[in-house]
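Text of the file model_22.cif, holding mmCIF, C-alpha atoms:
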data_structure
#
loop_
_atom_site.label_atom_id
_atom_site.label_comp_id
_atom_site.auth_asym_id
_atom_site.auth_seq_id
_atom_site.Cartn_x
_atom_site.Cartn_y
_atom_site.Cartn_z
CA MET A 1 -11.82 -9.22 13.38
CA LYS A 2 -10.92 -6.61 15.97
CA GLY A 3 -11.30 -3.54 13.72
CA GLU A 4 -11.24 -2.12 10.22
CA TRP A 5 -7.63 -0.92 10.44
CA CYS A 6 -4.61 -0.65 12.68
CA TYR A 7 -1.46 1.40 12.41
CA HIS A 8 1.93 1.79 14.05
CA ARG A 9 3.50 5.22 13.94
CA LYS A 10 7.12 5.31 12.78
CA TYR A 11 7.28 1.50 12.61
CA PHE A 12 10.10 1.76 10.06
CA SER A 13 13.11 4.02 10.61
CA LYS A 14 13.97 6.96 8.37
CA GLU A 15 16.98 4.91 7.20
CA PHE A 16 14.73 1.98 6.21
CA CYS A 17 12.45 4.35 4.29
CA ASN A 18 15.35 6.01 2.46
CA GLN A 19 16.97 2.63 1.66
CA THR A 20 13.62 1.38 0.30
CA ILE A 21 13.16 4.47 -1.88
CA SER A 22 16.71 4.20 -3.21
CA ALA A 23 16.35 0.49 -4.04
CA ALA A 24 12.89 0.87 -5.60
CA LEU A 25 13.91 3.78 -7.82
CA GLN A 26 16.30 1.40 -9.60
CA VAL A 27 13.26 -0.40 -11.08
CA GLN A 28 11.74 0.86 -14.33
CA PRO A 29 8.48 2.76 -13.62
CA GLN A 30 5.16 1.71 -15.13
CA ASP A 31 1.87 3.48 -15.58
CA PRO A 32 -0.90 2.14 -13.33
CA VAL A 33 -3.71 -0.10 -14.49
CA LEU A 34 -7.08 -0.92 -12.95
CA GLY A 35 -8.64 -4.34 -12.64
CA TYR A 36 -7.35 -7.88 -12.51
CA GLY A 37 -4.59 -9.18 -14.80
CA ALA A 38 -3.68 -6.88 -17.70
CA GLY A 39 -6.30 -4.35 -16.59
CA TYR A 40 -6.89 -0.99 -18.21
CA SER A 41 -5.73 2.61 -17.72
CA ASP A 42 -7.92 5.50 -16.60
CA ASP A 43 -6.15 8.78 -15.76
CA ASN A 44 -9.40 10.18 -14.38
CA PHE A 45 -9.38 7.46 -11.70
CA ARG A 46 -5.72 6.79 -10.97
CA ARG A 47 -2.58 8.86 -11.65
CA SER A 48 0.72 7.54 -10.32
CA LYS A 49 3.91 5.74 -11.28
CA LEU A 50 4.43 2.16 -10.12
CA ARG A 51 7.47 0.01 -9.60
CA TRP A 52 6.98 -3.67 -8.80
CA LEU A 53 9.38 -5.19 -6.26
CA ASP A 54 9.79 -8.90 -6.85
CA PRO A 55 10.35 -11.21 -3.86
CA SER A 56 12.99 -13.17 -5.81
CA ASP A 57 15.14 -10.04 -6.31
CA SER A 58 17.79 -9.93 -3.55
CA ARG A 59 17.77 -6.10 -3.56
CA PHE A 60 14.34 -6.28 -1.91
CA THR A 61 14.80 -9.14 0.57
CA PHE A 62 15.01 -6.69 3.48
CA ILE A 63 11.60 -5.24 2.50
CA PHE A 64 9.83 -8.59 2.21
CA ASP A 65 11.35 -9.78 5.50
CA ALA A 66 10.17 -6.59 7.24
CA TYR A 67 6.67 -6.85 5.74
CA TRP A 68 6.24 -10.47 6.85
CA LYS A 69 7.49 -9.65 10.34
CA ALA A 70 5.01 -6.76 10.60
CA ILE A 71 1.98 -8.62 9.25
CA ILE A 72 2.37 -11.73 11.37
CA ALA A 73 1.85 -9.71 14.55
CA LEU A 74 -0.78 -7.35 13.12
CA ASN A 75 -2.86 -10.11 11.53
CA ARG A 76 -2.74 -12.25 14.68
CA GLU A 77 -3.92 -9.36 16.85
CA TRP A 78 -6.40 -7.60 14.53
CA PHE A 79 -7.73 -9.59 11.59
CA LYS A 80 -7.04 -13.31 12.05
CA PHE A 81 -7.21 -13.97 8.31
CA HIS A 82 -5.68 -17.07 6.75
CA ILE A 83 -2.79 -15.59 4.76
CA THR A 84 -0.27 -17.66 2.85
CA GLU A 85 1.66 -15.43 0.46
CA LEU A 86 2.92 -11.98 -0.40
CA PRO A 87 3.24 -11.43 -4.17
CA PRO A 88 5.33 -8.55 -5.60
CA ILE A 89 5.05 -5.35 -3.56
CA GLN A 90 4.04 -2.10 -5.23
CA PHE A 91 6.24 0.97 -4.76
CA THR A 92 4.03 3.93 -5.68
CA GLU A 93 4.95 7.49 -6.60
CA TYR A 94 2.34 10.24 -6.46
CA ASP A 95 3.74 13.48 -7.96
CA SER A 96 2.21 16.96 -7.99
CA THR A 97 3.35 17.48 -11.61
CA TYR A 98 0.48 15.20 -12.67
CA GLN A 99 -1.69 15.64 -9.53
CA GLY A 100 -1.11 12.03 -8.49
CA GLU A 101 -4.15 10.41 -6.89
CA TYR A 102 -6.15 7.18 -6.66
CA LYS A 103 -9.91 7.48 -6.27
CA SER A 104 -12.03 5.28 -4.02
CA HIS A 105 -11.42 1.55 -4.53
CA GLN A 106 -11.00 -1.84 -2.88
CA ASP A 107 -7.82 -3.93 -3.24
CA VAL A 108 -9.52 -7.31 -3.48
CA PHE A 109 -10.56 -8.70 -6.87
CA TRP A 110 -13.68 -10.66 -6.00
CA ILE A 111 -13.96 -12.45 -9.34
CA ASN A 112 -10.62 -13.84 -10.48
CA PRO A 113 -9.31 -17.24 -11.58
CA SER A 114 -6.76 -17.39 -8.76
CA PRO A 115 -7.43 -19.66 -5.76
CA ASN A 116 -6.61 -16.66 -3.53
CA HIS A 117 -7.98 -13.28 -2.57
CA ARG A 118 -6.05 -10.29 -1.32
CA LYS A 119 -6.92 -10.30 2.37
CA VAL A 120 -4.79 -7.70 4.17
CA SER A 121 -3.34 -4.56 2.61
CA LEU A 122 -0.25 -3.15 4.31
CA VAL A 123 0.78 0.41 3.37
CA SER A 124 4.04 2.06 4.44
CA GLN A 125 4.49 5.81 4.37
CA LEU A 126 8.02 6.30 2.99
CA SER A 127 8.15 10.07 2.38
CA ASP A 128 8.73 12.74 4.96
CA PRO A 129 5.34 14.51 5.17
CA SER A 130 7.07 17.92 4.93
CA GLU A 131 8.11 17.04 1.36
CA TYR A 132 4.59 17.05 -0.14
CA GLU A 133 1.07 18.40 0.26
CA GLY A 134 -2.17 16.47 -0.25
CA GLY A 135 -1.75 12.77 -0.94
CA ASN A 136 -3.67 11.63 2.13
CA LEU A 137 -4.65 7.99 2.49
CA GLU A 138 -8.35 8.17 3.34
CA PHE A 139 -10.92 5.52 4.26
CA GLU A 140 -14.59 5.43 3.38
CA MET A 141 -17.74 3.68 4.56
CA ILE A 142 -16.35 2.72 7.96
CA PRO A 143 -17.53 4.10 11.31
CA GLU A 144 -14.15 5.37 12.50
CA VAL A 145 -11.11 6.49 10.51
CA PRO A 146 -7.45 6.71 11.56
CA ASN A 147 -5.84 10.00 12.54
CA ALA A 148 -4.71 11.58 9.23
CA THR A 149 -1.65 13.29 10.75
CA ASP A 150 -0.44 10.09 12.40
CA ILE A 151 -0.57 7.97 9.27
CA ARG A 152 1.32 10.62 7.26
CA GLU A 153 4.39 10.23 9.49
CA GLN A 154 7.41 8.76 7.74
CA GLY A 155 7.83 5.08 8.53
CA THR A 156 4.24 4.59 9.67
CA ILE A 157 2.48 1.41 8.55
CA ILE A 158 -1.24 0.87 8.32
CA ALA A 159 -2.96 -2.49 7.75
CA PHE A 160 -6.57 -3.04 6.77
CA PRO A 161 -8.73 -5.74 5.19
CA SER A 162 -8.35 -5.46 1.42
CA PHE A 163 -12.11 -5.09 0.99
CA ILE A 164 -12.20 -1.72 2.82
CA TYR A 165 -12.80 1.24 0.47
CA HIS A 166 -9.97 3.77 0.48
CA LYS A 167 -8.35 6.42 -1.70
CA VAL A 168 -5.33 8.72 -2.02
CA SER A 169 -6.23 12.40 -2.39
CA PRO A 170 -4.42 14.43 -5.09
CA VAL A 171 -0.83 15.47 -4.37
CA THR A 172 -0.80 19.24 -4.84
CA ALA A 173 2.90 19.92 -4.10
CA GLY A 174 5.98 17.70 -4.03
CA LYS A 175 6.09 13.93 -4.27
CA ARG A 176 4.80 11.11 -2.05
CA TYR A 177 6.31 7.61 -2.00
CA SER A 178 4.53 4.66 -0.45
CA LEU A 179 4.84 0.90 -0.39
CA VAL A 180 1.84 -1.43 -0.66
CA GLY A 181 1.82 -5.16 -0.06
CA TRP A 182 -1.22 -7.40 -0.35
CA PHE A 183 -1.17 -10.53 1.75
CA GLU A 184 -3.18 -13.25 0.09
CA GLY A 185 -4.86 -16.43 1.23
CA PRO A 186 -7.61 -18.86 0.22
CA LYS A 187 -10.65 -17.07 -1.18
CA PHE A 188 -13.26 -15.64 1.15
CA VAL A 189 -16.39 -17.80 1.13
#
Kindly return the structure encoded in the file as structure tokens.
Amino acid sequence: MKGEWCYHRKYFSKEFCNQTISAALQVQPQDPVLGYGAGYSDDNFRRSKLRWLDPSDSRFTFIFDAYWKAIIALNREWFKFHITELPPIQFTEYDSTYQGEYKSHQDVFWINPSPNHRKVSLVSQLSDPSEYEGGNLEFEMIPEVPNATDIREQGTIIAFPSFIYHKVSPVTAGKRYSLVGWFEGPKFV
């Protein structure tokens, strides 16, 4: 592994971001849950609205194609994990009306009945950063963190091993949209 994270500023165009937001907003929102499977809700830990984008839905083919194209190069250069699939992608809305946030967590579920683990998390910043305040993606317990201003830029993608602790600070004004995909592969041993 070359590092704990990597990012590409403005990887996706403004048009791609707006098209993704428009397509995702057609999906019925859900409240977030924590944990594996059915999970549980905890508004003190996570406040957001989720929309799940299914790979079999043709409205989202352009997103899945773009995510695979991005991760193949990033994983080869940075992480070298054995990844085999990309399940539904999460479109997340963090709104200031409910102080949207997600406290410190990992994306991998270490104990689960699946033969796979989430290995690489890929987050896309879809919103223009001038449209909201707060809502920073922050990393913890690593020696060096990415530039906060850079990763707020619309269209920027950031990839990191799913076991890295991270959080989203509360959105204090406006609304932030992001896209999160978890590339999975055979369990870590």
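Those residues that approach Lys103 (chain A) to within 12 Å, counting all atoms listed in the file, are Leu34, Asp42, Asp43, Asn44, Phe45, Arg46, Arg47, Ser48, Gly135, Asn136, Leu137, Glu138, Phe139, Glu140, Tyr165, His166, Lys167, Val168, Ser169 and Pro170 of chain A; same-chain residues fewer than 6 positions away are not listed.
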Could you tell me how far CA of Arg118 (chain A) sits from CA of Phe81 (chain A), in Å to one decimal place?
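Answer for the CA of Phe81 (chain A) to CA of Arg118 (chain A) separation: 10.4 Å.
As for CA of Ile89 (chain A) and CA of Pro143 (chain A), they are spaced 28.6 Å apart.
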Choose the residue, out of A:Asn116, A:Thr172, A:Ser121, A:Gln26, that has the smallest atom-to-atom separation from Asp57 (chain A); count only C-alpha atoms.
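The answer is A:Gln26, which sits nearest to Asp57 (chain A).
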Reference answer for the PyMOL selection byres ((chain A and resi 132) around 8), as a list in words:
Asp128, Pro129, Ser130, Glu131, Glu133, Gly134, Gly135, Val171, Thr172, Ala173, Gly174, Lys175 and Arg176 of chain A
Non-local contacts of region 71-80 of chain A (7 Å; all atoms listed in the file; under 4 positions in same chain excluded) as a PyMOL selection string:
chain A and resi 1-3+67
Shell of 10 Å around Glu153 (chain A), only C-alpha atoms, local chain residues under 6 positions omitted, as a PyMOL selection string
chain A and resi 8-11+124-130
Write a file of the selected residues as a short mmCIF file (atom, residue, chain, number, x, y, z; two decimals), keeping the file's coordinate frame, keeping C-alpha atoms.
data_model
loop_
_atom_site.label_atom_id
_atom_site.label_comp_id
_atom_site.auth_asym_id
_atom_site.auth_seq_id
_atom_site.Cartn_x
_atom_site.Cartn_y
_atom_site.Cartn_z
CA HIS A 8 1.93 1.79 14.05
CA ARG A 9 3.50 5.22 13.94
CA LYS A 10 7.12 5.31 12.78
CA TYR A 11 7.28 1.50 12.61
CA SER A 124 4.04 2.06 4.44
CA GLN A 125 4.49 5.81 4.37
CA LEU A 126 8.02 6.30 2.99
CA SER A 127 8.15 10.07 2.38
CA ASP A 128 8.73 12.74 4.96
CA PRO A 129 5.34 14.51 5.17
CA SER A 130 7.07 17.92 4.93
#
Evaluate the PyMOL selection byres ((chain A and resi 181) around 12) against this structure - the residues, as a ChimeraX atom specification, please.
/A:52-55,63-68,70-71,85-92,107,118-124,157-162,178-180,182-184
Closest of A:Gly155, A:Pro29, A:Pro146, A:Pro186 to Ser13 (chain A), counting all atoms listed in the file, is A:Gly155
Please compute the CA of Asn18 (chain A)-CA of Ser56 (chain A) distance, one decimal, in Å.
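So the two atoms, CA of Asn18 (chain A) and CA of Ser56 (chain A), lie 21.0 Å apart.
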Please provide as number ranges by chain all residues within 10 Å of Ser114 (chain A), with the sequence filter that same-chain residues fewer than 3 positions apart are discarded (counting only C-alpha atoms).
A: 109, 111, 117, 186-187
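Residue nearest Glu4 (chain A) within the list A:Cys17, A:Val189, A:Val108, A:Met141: A:Met141 [criterion: smallest interatomic distance, all atoms listed in the file].
Between Gly37 (chain A) and the candidates A:Gln154, A:Asn112, A:Ser104, A:Asn147, the tightest atom-to-atom separation, counting all atoms listed in the file, involves A:Asn112.
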Draw an axis-aligned box tight on the listed atoms of region 102-111 of chain A, then pad every side by 5 Å and write out centre and edge lengths in Å to one decimal as lines of an AutoDock Vina configuration file.
center_x = -10.1
center_y = -2.5
center_z = -6.1
size_x = 17.8
size_y = 29.9
size_z = 16.5
Some atoms are missing, so please complete region 98-118 of chain A with N, CA and C atoms and return it as a short mmCIF file (atom, residue, chain, number, x, y, z; two decimals), in the coordinates of the input.
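Now in selection-v4.cif:
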data_model
loop_
_atom_site.label_atom_id
_atom_site.label_comp_id
_atom_site.auth_asym_id
_atom_site.auth_seq_id
_atom_site.Cartn_x
_atom_site.Cartn_y
_atom_site.Cartn_z
N TYR A 98 1.64 15.77 -11.99
CA TYR A 98 0.48 15.20 -12.67
C TYR A 98 -0.69 15.00 -11.70
N GLN A 99 -0.64 15.72 -10.57
CA GLN A 99 -1.69 15.64 -9.53
C GLN A 99 -2.01 14.19 -9.18
N GLY A 100 -0.97 13.44 -8.82
CA GLY A 100 -1.11 12.03 -8.49
C GLY A 100 -2.21 11.77 -7.48
N GLU A 101 -3.06 10.80 -7.79
CA GLU A 101 -4.15 10.41 -6.89
C GLU A 101 -4.65 9.03 -7.27
N TYR A 102 -5.47 8.45 -6.39
CA TYR A 102 -6.15 7.18 -6.66
C TYR A 102 -7.51 7.28 -5.99
N LYS A 103 -8.55 7.31 -6.80
CA LYS A 103 -9.91 7.48 -6.27
C LYS A 103 -10.36 6.23 -5.53
N SER A 104 -11.51 6.33 -4.89
CA SER A 104 -12.03 5.28 -4.02
C SER A 104 -12.07 3.90 -4.69
N HIS A 105 -11.51 2.91 -3.98
CA HIS A 105 -11.42 1.55 -4.53
C HIS A 105 -11.22 0.54 -3.40
N GLN A 106 -11.37 -0.72 -3.74
CA GLN A 106 -11.00 -1.84 -2.88
C GLN A 106 -9.76 -2.49 -3.50
N ASP A 107 -9.00 -3.23 -2.71
CA ASP A 107 -7.82 -3.93 -3.24
C ASP A 107 -8.09 -5.38 -3.61
N VAL A 108 -9.22 -5.91 -3.19
CA VAL A 108 -9.52 -7.31 -3.48
C VAL A 108 -10.23 -7.41 -4.84
N PHE A 109 -9.87 -8.40 -5.62
CA PHE A 109 -10.56 -8.70 -6.87
C PHE A 109 -11.47 -9.89 -6.59
N TRP A 110 -12.75 -9.63 -6.42
CA TRP A 110 -13.68 -10.66 -6.00
C TRP A 110 -13.81 -11.78 -7.02
N ILE A 111 -13.82 -11.43 -8.29
CA ILE A 111 -13.96 -12.45 -9.34
C ILE A 111 -12.62 -12.54 -10.07
N ASN A 112 -11.90 -13.60 -9.81
CA ASN A 112 -10.62 -13.84 -10.48
C ASN A 112 -10.38 -15.35 -10.53
N PRO A 113 -9.55 -15.80 -11.46
CA PRO A 113 -9.31 -17.24 -11.58
C PRO A 113 -8.34 -17.81 -10.56
N SER A 114 -7.71 -16.95 -9.77
CA SER A 114 -6.76 -17.39 -8.76
C SER A 114 -7.48 -18.12 -7.62
N PRO A 115 -6.81 -19.04 -6.93
CA PRO A 115 -7.43 -19.66 -5.76
C PRO A 115 -7.41 -18.75 -4.53
N ASN A 116 -6.77 -17.57 -4.66
CA ASN A 116 -6.61 -16.66 -3.53
C ASN A 116 -7.34 -15.34 -3.72
N HIS A 117 -7.55 -14.67 -2.59
CA HIS A 117 -7.98 -13.28 -2.57
C HIS A 117 -6.91 -12.49 -1.82
N ARG A 118 -6.80 -11.20 -2.17
CA ARG A 118 -6.05 -10.29 -1.32
C ARG A 118 -6.85 -10.16 -0.03
#
